[in-house]
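Data from upload19.csv: CSV, C-alpha atoms
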chain,number,residue,atom,x,y,z
A,49,MET,CA,-3.0,-32.6,-8.6
A,50,PRO,CA,-6.5,-31.9,-10.2
A,51,GLU,CA,-6.9,-28.3,-11.3
A,52,THR,CA,-9.9,-27.8,-9.1
A,53,VAL,CA,-8.0,-28.9,-6.0
A,54,LEU,CA,-5.1,-26.6,-6.8
A,55,ALA,CA,-7.4,-23.7,-7.5
A,56,ASP,CA,-9.1,-24.2,-4.1
A,57,THR,CA,-5.7,-24.4,-2.4
A,58,VAL,CA,-4.4,-21.2,-3.9
A,59,THR,CA,-7.6,-19.2,-3.3
A,60,LYS,CA,-7.7,-20.3,0.3
A,61,ALA,CA,-4.1,-19.3,0.9
A,62,ALA,CA,-4.8,-15.9,-0.6
A,63,GLU,CA,-8.0,-15.1,1.3
A,64,PRO,CA,-8.0,-11.9,3.4
A,65,GLU,CA,-6.5,-12.5,6.8
A,66,ARG,CA,-9.9,-12.1,8.4
A,67,LYS,CA,-11.1,-15.2,6.5
A,68,ARG,CA,-8.5,-17.4,7.9
A,69,THR,CA,-9.1,-19.9,10.7
A,70,VAL,CA,-6.6,-18.6,13.3
A,71,LEU,CA,-8.7,-18.0,16.3
A,72,LEU,CA,-8.3,-16.0,19.5
A,73,GLY,CA,-10.0,-17.8,22.4
A,74,GLY,CA,-11.6,-20.2,19.9
A,75,ARG,CA,-14.2,-17.6,18.8
A,76,ILE,CA,-12.8,-14.4,17.3
A,77,PRO,CA,-10.5,-14.6,14.2
A,78,LEU,CA,-7.2,-12.9,15.2
A,79,ALA,CA,-6.9,-11.3,11.8
A,80,ARG,CA,-10.3,-9.7,12.3
A,81,LEU,CA,-9.0,-8.0,15.4
A,82,ARG,CA,-6.1,-6.7,13.3
A,83,ASP,CA,-8.7,-5.2,11.0
A,84,LEU,CA,-9.8,-3.2,14.0
A,85,ALA,CA,-6.3,-2.1,14.9
A,86,LEU,CA,-6.9,1.6,14.1
A,87,VAL,CA,-10.2,1.8,16.0
A,88,PRO,CA,-8.6,2.6,19.3
A,89,ALA,CA,-6.5,5.3,17.6
A,90,ILE,CA,-9.7,6.8,16.0
A,91,ILE,CA,-11.5,6.8,19.4
A,92,ALA,CA,-8.4,8.4,21.0
A,93,ILE,CA,-8.4,11.2,18.4
A,94,ALA,CA,-12.1,11.7,18.9
A,95,ILE,CA,-11.5,12.2,22.6
A,96,VAL,CA,-8.6,14.5,22.0
A,97,GLY,CA,-10.6,16.5,19.5
A,98,GLN,CA,-13.5,17.0,21.9
A,99,ILE,CA,-11.1,18.2,24.5
A,100,VAL,CA,-9.4,20.6,22.1
A,101,ASN,CA,-12.6,22.0,20.8
A,102,PRO,CA,-16.2,21.0,21.8
A,103,VAL,CA,-17.2,21.6,18.2
A,104,PHE,CA,-15.4,18.4,17.1
A,105,LEU,CA,-18.1,15.9,17.9
A,106,GLN,CA,-20.9,18.0,16.7
A,107,ALA,CA,-22.9,16.6,13.8
A,108,ASP,CA,-22.1,19.4,11.4
A,109,ASN,CA,-18.3,19.0,12.0
A,110,LEU,CA,-18.4,15.2,11.6
A,111,ILE,CA,-20.4,15.5,8.4
A,112,ASN,CA,-17.9,18.1,7.2
A,113,VAL,CA,-15.0,15.6,7.9
A,114,LEU,CA,-16.8,12.8,6.1
A,115,GLN,CA,-17.6,14.9,3.1
A,116,THR,CA,-14.2,16.4,2.6
A,117,MET,CA,-12.6,12.9,2.9
A,118,SER,CA,-15.1,11.2,0.6
A,119,GLU,CA,-13.3,12.2,-2.6
A,120,MET,CA,-9.9,11.1,-1.2
A,121,ALA,CA,-11.4,7.9,0.2
A,122,LEU,CA,-12.5,6.8,-3.3
A,123,LEU,CA,-8.8,7.2,-4.4
A,124,VAL,CA,-7.8,5.1,-1.4
A,125,LEU,CA,-10.4,2.5,-2.4
A,126,ALA,CA,-9.0,2.4,-5.9
A,127,GLN,CA,-5.4,2.2,-4.8
A,128,THR,CA,-6.2,-0.5,-2.3
A,129,MET,CA,-7.6,-2.8,-5.0
A,130,ILE,CA,-4.6,-2.2,-7.2
A,131,LEU,CA,-2.1,-2.7,-4.4
A,132,VAL,CA,-3.8,-6.0,-3.4
A,133,VAL,CA,-2.9,-7.4,-6.9
A,134,LYS,CA,0.7,-6.1,-6.4
A,135,LYS,CA,0.4,-3.2,-8.8
A,136,MET,CA,0.3,0.6,-8.1
A,137,ASP,CA,-1.2,3.5,-9.9
A,138,LEU,CA,0.4,6.9,-9.4
A,139,SER,CA,-1.8,8.5,-12.1
A,140,LEU,CA,-5.0,8.4,-10.0
A,141,GLU,CA,-4.6,11.9,-8.7
A,142,SER,CA,-4.2,13.2,-12.3
A,143,THR,CA,-7.2,11.3,-13.5
A,144,MET,CA,-9.1,12.9,-10.7
A,145,GLY,CA,-8.3,16.3,-12.3
A,146,LEU,CA,-8.3,15.5,-16.0
A,147,ALA,CA,-11.6,13.5,-16.2
A,148,PRO,CA,-13.9,16.3,-14.9
A,149,GLY,CA,-11.6,18.8,-16.6
A,150,VAL,CA,-12.3,17.4,-20.0
A,151,ALA,CA,-16.0,17.2,-19.2
A,152,ALA,CA,-16.0,20.9,-18.2
A,153,TRP,CA,-14.0,21.9,-21.2
A,154,LEU,CA,-16.4,20.3,-23.6
A,155,THR,CA,-19.7,21.3,-21.9
A,156,ILE,CA,-19.3,24.8,-20.5
A,157,GLY,CA,-19.2,28.0,-22.5
A,158,SER,CA,-16.3,30.3,-23.1
A,159,ALA,CA,-17.3,32.4,-20.1
A,160,GLY,CA,-16.3,29.5,-17.9
A,161,HIS,CA,-13.1,28.9,-20.1
A,162,GLY,CA,-14.7,25.9,-22.0
A,163,LEU,CA,-15.6,25.2,-25.6
A,164,GLY,CA,-19.3,24.6,-25.0
A,165,LEU,CA,-19.4,21.9,-27.7
A,166,LEU,CA,-21.8,19.5,-25.9
A,167,PRO,CA,-24.9,19.9,-23.7
A,168,GLY,CA,-24.3,19.9,-20.0
A,169,PHE,CA,-25.9,16.5,-19.4
A,170,TRP,CA,-23.0,14.9,-21.2
A,171,SER,CA,-20.6,15.9,-18.4
A,172,VAL,CA,-21.0,12.9,-16.2
A,173,PRO,CA,-20.7,10.3,-18.9
A,174,ILE,CA,-17.7,12.1,-20.3
A,175,THR,CA,-16.0,12.2,-16.9
A,176,LEU,CA,-16.4,8.5,-16.3
A,177,ALA,CA,-15.4,7.7,-19.9
A,178,VAL,CA,-12.2,9.6,-19.6
A,179,GLY,CA,-11.5,7.7,-16.4
A,180,ALA,CA,-12.1,4.4,-18.2
A,181,LEU,CA,-9.9,5.4,-21.1
A,182,VAL,CA,-7.0,6.2,-18.8
A,183,GLY,CA,-7.4,2.8,-17.2
A,184,VAL,CA,-7.4,1.1,-20.6
A,185,VAL,CA,-4.2,2.8,-21.6
A,186,ASN,CA,-2.5,2.0,-18.3
A,187,SER,CA,-3.7,-1.6,-18.6
A,188,LEU,CA,-2.5,-1.9,-22.2
A,189,LEU,CA,1.0,-0.7,-21.3
A,190,ILE,CA,1.3,-2.6,-18.0
A,191,ILE,CA,-0.4,-5.9,-18.9
A,192,ARG,CA,-0.2,-6.3,-22.7
A,193,PHE,CA,3.3,-4.7,-23.2
A,194,GLY,CA,4.7,-5.8,-19.8
A,195,LEU,CA,6.0,-2.4,-18.8
A,196,ASN,CA,6.8,-1.5,-15.2
A,197,GLY,CA,3.6,-0.2,-13.5
A,198,PHE,CA,5.3,2.4,-11.4
A,199,ILE,CA,7.1,4.0,-14.3
A,200,VAL,CA,4.0,3.8,-16.6
A,201,THR,CA,1.7,5.4,-14.1
A,202,LEU,CA,4.3,8.0,-13.2
A,203,GLY,CA,4.6,9.0,-16.8
A,204,MET,CA,0.8,8.9,-17.2
A,205,LEU,CA,0.5,11.2,-14.1
A,206,ILE,CA,2.7,13.8,-15.9
A,207,VAL,CA,1.0,13.4,-19.2
A,208,LEU,CA,-2.5,13.8,-17.7
A,209,ARG,CA,-1.4,16.8,-15.6
A,210,GLY,CA,0.0,18.4,-18.8
A,211,ILE,CA,-3.1,17.8,-20.8
A,212,LEU,CA,-5.3,19.4,-18.1
A,213,THR,CA,-3.0,22.4,-17.9
A,214,GLY,CA,-3.1,22.6,-21.7
A,215,ILE,CA,-6.9,22.5,-22.2
A,216,SER,CA,-7.5,24.9,-19.3
A,217,GLY,CA,-4.8,27.3,-20.1
A,218,GLY,CA,-3.7,27.1,-16.5
A,219,GLN,CA,-7.1,28.6,-15.4
A,220,THR,CA,-10.0,27.2,-13.4
A,221,PHE,CA,-13.1,25.9,-15.1
A,222,PHE,CA,-16.3,27.4,-13.5
A,223,GLN,CA,-20.0,27.8,-14.3
A,224,LEU,CA,-20.2,24.0,-14.3
A,225,PRO,CA,-23.4,22.4,-15.5
A,226,GLU,CA,-25.9,21.2,-12.9
A,227,SER,CA,-25.2,17.5,-13.6
A,228,MET,CA,-21.5,18.0,-12.6
A,229,LEU,CA,-22.6,19.8,-9.4
A,230,TYR,CA,-25.0,17.1,-8.2
A,231,ALA,CA,-22.6,14.6,-6.6
A,232,GLY,CA,-20.9,17.3,-4.6
A,233,THR,CA,-23.9,19.3,-3.6
A,234,ALA,CA,-27.0,17.1,-3.3
A,235,GLU,CA,-28.2,15.7,0.0
A,236,TRP,CA,-29.7,12.3,0.7
A,237,PHE,CA,-31.5,11.7,4.0
A,238,GLY,CA,-29.9,14.7,5.6
A,239,MET,CA,-26.3,14.0,4.6
A,240,PRO,CA,-24.3,15.0,1.5
A,241,ALA,CA,-24.7,12.5,-1.4
A,242,SER,CA,-20.9,12.2,-1.6
A,243,ILE,CA,-20.8,10.6,1.8
A,244,TRP,CA,-23.5,8.0,0.9
A,245,ILE,CA,-21.7,7.2,-2.4
A,246,CYS,CA,-18.4,6.7,-0.6
A,247,LEU,CA,-19.8,4.5,2.1
A,248,ALA,CA,-21.8,2.4,-0.4
A,249,LEU,CA,-18.8,1.8,-2.6
A,250,PHE,CA,-16.7,0.8,0.4
A,251,ALA,CA,-19.4,-1.5,1.6
A,252,VAL,CA,-19.5,-3.1,-1.9
A,253,ALA,CA,-15.8,-3.4,-2.0
A,254,ILE,CA,-15.6,-5.0,1.5
A,255,VAL,CA,-18.1,-7.7,0.4
A,256,VAL,CA,-16.4,-8.3,-3.0
A,257,LEU,CA,-12.9,-8.6,-1.6
A,258,GLY,CA,-13.9,-10.5,1.5
A,259,TRP,CA,-16.6,-12.9,0.4
A,260,THR,CA,-16.5,-13.5,-3.4
A,261,SER,CA,-14.3,-15.6,-5.7
A,262,PHE,CA,-13.3,-12.5,-7.6
A,263,GLY,CA,-12.1,-10.9,-4.4
A,264,ARG,CA,-10.1,-14.1,-3.6
A,265,SER,CA,-8.6,-14.0,-7.0
A,266,LEU,CA,-7.2,-10.5,-6.3
A,267,TYR,CA,-5.4,-11.8,-3.2
A,268,ALA,CA,-4.2,-14.9,-5.1
A,269,ILE,CA,-2.7,-12.7,-7.8
A,270,GLY,CA,-1.1,-10.4,-5.3
A,271,GLY,CA,0.3,-13.3,-3.3
A,272,ASN,CA,1.7,-15.4,-6.3
A,273,VAL,CA,0.6,-14.6,-9.8
A,274,ASP,CA,2.2,-17.8,-11.2
A,275,ALA,CA,0.3,-20.0,-8.8
A,276,ALA,CA,-2.9,-18.0,-9.6
A,277,LYS,CA,-2.4,-18.7,-13.3
A,278,ALA,CA,-1.7,-22.4,-12.5
A,279,ALA,CA,-5.0,-22.5,-10.6
A,280,GLY,CA,-6.9,-21.4,-13.6
A,281,ILE,CA,-7.4,-17.8,-12.6
A,282,ARG,CA,-7.5,-15.5,-15.7
A,283,THR,CA,-5.0,-13.1,-14.2
A,284,ASP,CA,-4.8,-10.7,-17.1
A,285,ARG,CA,-8.5,-10.2,-17.2
A,286,VAL,CA,-8.7,-9.6,-13.4
A,287,LEU,CA,-5.9,-7.0,-13.7
A,288,TRP,CA,-7.6,-5.2,-16.5
A,289,ILE,CA,-10.8,-5.0,-14.5
A,290,VAL,CA,-9.0,-3.8,-11.4
A,291,ILE,CA,-6.9,-1.1,-13.1
A,292,ILE,CA,-9.8,0.3,-15.2
A,293,THR,CA,-12.1,0.2,-12.2
A,294,GLY,CA,-9.5,2.2,-10.2
A,295,SER,CA,-9.3,4.9,-12.8
A,296,VAL,CA,-13.2,5.1,-13.1
A,297,LEU,CA,-13.3,5.5,-9.3
A,298,ALA,CA,-10.7,8.3,-9.5
A,299,ALA,CA,-12.8,10.0,-12.2
A,300,LEU,CA,-15.9,9.7,-9.9
A,301,ALA,CA,-13.9,11.2,-7.0
A,302,GLY,CA,-12.9,14.1,-9.3
A,303,LEU,CA,-16.6,14.6,-10.2
A,304,MET,CA,-17.5,14.7,-6.5
A,305,LEU,CA,-14.7,17.2,-5.7
A,306,SER,CA,-15.6,19.4,-8.6
A,307,GLY,CA,-19.3,19.4,-7.6
A,308,ARG,CA,-18.4,20.4,-4.1
A,309,LEU,CA,-16.1,23.2,-5.1
A,310,ALA,CA,-18.2,24.2,-8.2
A,311,SER,CA,-15.1,24.4,-10.3
A,312,VAL,CA,-12.2,22.3,-11.8
A,313,ALA,CA,-8.8,23.8,-11.0
A,314,SER,CA,-5.9,23.1,-13.4
A,315,ALA,CA,-4.0,21.5,-10.4
A,316,GLN,CA,-7.0,19.5,-9.1
A,317,GLY,CA,-5.8,16.4,-7.3
A,318,ASN,CA,-2.1,17.5,-7.3
A,319,GLY,CA,-0.2,15.8,-4.4
A,320,TYR,CA,-3.2,13.6,-3.3
A,321,ILE,CA,-1.3,10.4,-4.1
A,322,PHE,CA,1.0,10.8,-1.1
A,323,THR,CA,-2.0,10.9,1.3
A,324,VAL,CA,-3.6,8.0,-0.5
A,325,PHE,CA,-0.5,5.7,-0.1
A,326,ALA,CA,-0.2,6.8,3.5
A,327,ALA,CA,-3.8,6.0,4.3
A,328,ALA,CA,-3.5,2.6,2.6
A,329,VAL,CA,-0.3,1.6,4.4
A,330,ILE,CA,-1.5,2.9,7.8
A,331,GLY,CA,-4.7,0.8,7.1
A,332,GLY,CA,-2.6,-2.4,6.8
A,333,ILE,CA,-2.4,-2.7,3.0
A,334,SER,CA,0.9,-4.3,1.9
A,335,LEU,CA,2.9,-2.6,-0.9
A,336,ASN,CA,4.0,-6.2,-1.8
A,337,GLY,CA,0.5,-7.3,-2.6
A,338,GLY,CA,-1.9,-9.9,-1.4
A,339,LYS,CA,-2.6,-8.4,2.0
A,340,GLY,CA,-5.0,-5.9,3.6
A,341,THR,CA,-8.7,-5.2,3.7
A,342,MET,CA,-11.0,-2.4,2.6
A,343,PHE,CA,-12.1,-1.8,6.2
A,344,GLY,CA,-8.5,-1.2,7.2
A,345,ALA,CA,-8.0,1.2,4.2
A,346,PHE,CA,-11.2,3.1,5.2
A,347,SER,CA,-10.0,3.3,8.8
A,348,GLY,CA,-6.6,4.7,7.6
A,349,ILE,CA,-8.1,7.6,5.6
A,350,LEU,CA,-10.7,8.4,8.3
A,351,LEU,CA,-7.9,8.6,10.9
A,352,LEU,CA,-5.8,11.0,8.8
A,353,PHE,CA,-8.8,13.3,8.2
A,354,MET,CA,-9.8,13.3,11.8
A,355,ILE,CA,-6.3,14.3,12.8
A,356,GLN,CA,-6.2,17.0,10.2
A,357,ASN,CA,-9.5,18.4,11.5
A,358,VAL,CA,-8.3,18.4,15.1
A,359,LEU,CA,-5.2,20.3,14.1
A,360,THR,CA,-7.3,22.9,12.3
A,361,LEU,CA,-9.7,23.3,15.3
A,362,ALA,CA,-6.7,23.6,17.6
A,363,GLY,CA,-5.6,26.7,15.6
A,364,VAL,CA,-2.4,25.1,14.2
A,365,PRO,CA,-1.0,27.4,11.5
A,366,ALA,CA,-1.7,26.1,8.0
A,367,GLN,CA,2.0,26.2,7.1
A,368,TRP,CA,2.8,23.7,9.9
A,369,ILE,CA,0.0,21.2,9.2
A,370,GLY,CA,1.9,19.6,6.4
A,371,ALA,CA,4.9,18.8,8.6
A,372,LEU,CA,2.7,17.6,11.4
A,373,ASN,CA,0.8,15.4,9.1
A,374,GLY,CA,4.0,13.7,8.0
A,375,LEU,CA,5.0,13.1,11.6
A,376,ILE,CA,1.5,11.8,12.5
A,377,ILE,CA,1.7,9.4,9.6
A,378,LEU,CA,5.0,7.9,11.0
A,379,VAL,CA,3.5,7.7,14.5
A,380,ALA,CA,0.3,6.1,13.2
A,381,LEU,CA,2.4,3.5,11.3
A,382,MET,CA,4.3,2.6,14.5
A,383,ILE,CA,1.0,2.2,16.4
A,384,SER,CA,-0.4,0.1,13.5
A,385,ARG,CA,2.7,-2.0,13.6
A,386,ILE,CA,2.5,-2.6,17.4
A,387,THR,CA,-1.3,-3.3,17.4
A,388,GLY,CA,-1.2,-5.3,14.2
A,389,GLY,CA,1.4,-7.7,15.3
A,390,LYS,CA,3.2,-8.1,12.0
A,391,VAL,CA,6.2,-6.5,10.3
A,392,GLN,CA,5.0,-4.1,7.7
A,393,GLU,CA,6.4,-4.9,4.2

With the file now loaded, output its structure as structure tokens.
Amino acid sequence: MPETVLADTVTKAAEPERKRTVLLGGRIPLARLRDLALVPAIIAIAIVGQIVNPVFLQADNLINVLQTMSEMALLVLAQTMILVVKKMDLSLESTMGLAPGVAAWLTIGSAGHGLGLLPGFWSVPITLAVGALVGVVNSLLIIRFGLNGFIVTLGMLIVLRGILTGISGGQTFFQLPESMLYAGTAEWFGMPASIWICLALFAVAIVVLGWTSFGRSLYAIGGNVDAAKAAGIRTDRVLWIVIITGSVLAALAGLMLSGRLASVASAQGNGYIFTVFAAAVIGGISLNGGKGTMFGAFSGILLLFMIQNVLTLAGVPAQWIGALNGLIILVALMISRITGGKVQE
């Protein structure tokens, strides 16, 4: 079989489900309806939230929900790309803390627990560079040395967390330079910049994964890496790009969170990875690779944060919210299973 024909066969088989030709009523792709599986749940939560507290649907509250979820949403975006290629990265939450932590350590003075070695305008490039470096190390160990991605990123999570604790002395960095505050405090067209950044990146990701050859290569690799190689896809290069991009997105998420809080805590991002995986799985992303869409992932994280906001407005004690969140995740998974029509893997 000619290589071009084989490549076309593999990429078509690995396209997102919404690109397939299974039709409902001859007009609407069935898989596209599955992308919208969480929309009824989101609408239901909005109605419940308005009943619980009329504040819920007010603009200020909705903007607050979107802003507080924007940092976590970037982690979900990063993890979704990585899961699609049948890998996973547990170290994203630590990268979210270490990258801005290193920038703060190097740019703020001793009064803010830093060294003050570099001017403040270096903070953003340093943050993104640290994120890229973490991605390079992860890629080197996973792709070049063939180590298990779960174990590598678990070890990296612990290492990065330890480094952040070490350079901060267990304290919180504050008095951050203006450049670090911008992404978390600036407003564009009446809304926080972090919301626009999050929505723009998801829009780009939806286009890339759904309508480009690079996106199709991600699904091909996640579906069958050997077939992808046989089709001429440079699988190692794609994996390097995905893993490094994921770490840079985690660093950007950390920059946004640090800007919003005007500080970098020694435990920043700790425990976020559980919510990230929950949102991805609820949104229809398969842990076995090759399935899921960015719209589904965004719907998953939006649903979780809306539920959390409703619980807060309902006056649920903070010590119970964690347990209720876990229960809600299980219920949401069952609803997603029923509406999605497929066994979750």

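For the set A:Ala231, A:Ala152, A:Ala159, A:Ile243, the residue with the smallest atom-to-atom gap to A:Ser171 is A:Ala152, counting only C-alpha atoms.
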
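Excluding stretch 245-252 of chain A and any residue on its chain fewer than 4 positions from it, the residues at most 9 Å away by only C-alpha atoms are Ser118, Glu119, Ala121, Leu122, Leu125, Ala231, Ala241, Val256, Leu257, Met342, Phe343 and Phe346 of chain A.
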
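Here atom CA of A:Ser347 and atom CA of A:Ala313 stand 28.5 Å from one another.
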
Once you count only C-alpha atoms, what closest atom pair and distance in Å to one decimal does each residue of stretch 261-343 of chain A within 12 Å of stretch 357-370 of chain A have, with rows by chain and rising residue number, as JSON lines?
{"residue": "A:Gly319", "atom": "CA", "partner": "A:Gly370", "partner_atom": "CA", "distance": 11.6}
{"residue": "A:Phe322", "atom": "CA", "partner": "A:Gly370", "partner_atom": "CA", "distance": 11.6}
{"residue": "A:Thr323", "atom": "CA", "partner": "A:Gly370", "partner_atom": "CA", "distance": 10.8}

Using the file's own x, y and z axes, what box holds all listed atoms of stretch 356-371 of chain A with 6 Å on each side, keeping edges along x, y and z, and what are its centre and edge lengths in Å to one decimal, as JSON?
{"center_x": -2.4, "center_y": 22.2, "center_z": 12.0, "size_x": 26.6, "size_y": 22.4, "size_z": 23.2}

Pick from A:Thr143, A:Thr260, A:Thr201, A:Ser314, whichever lies nearest to A:Thr175 using only C-alpha atoms
A:Thr143
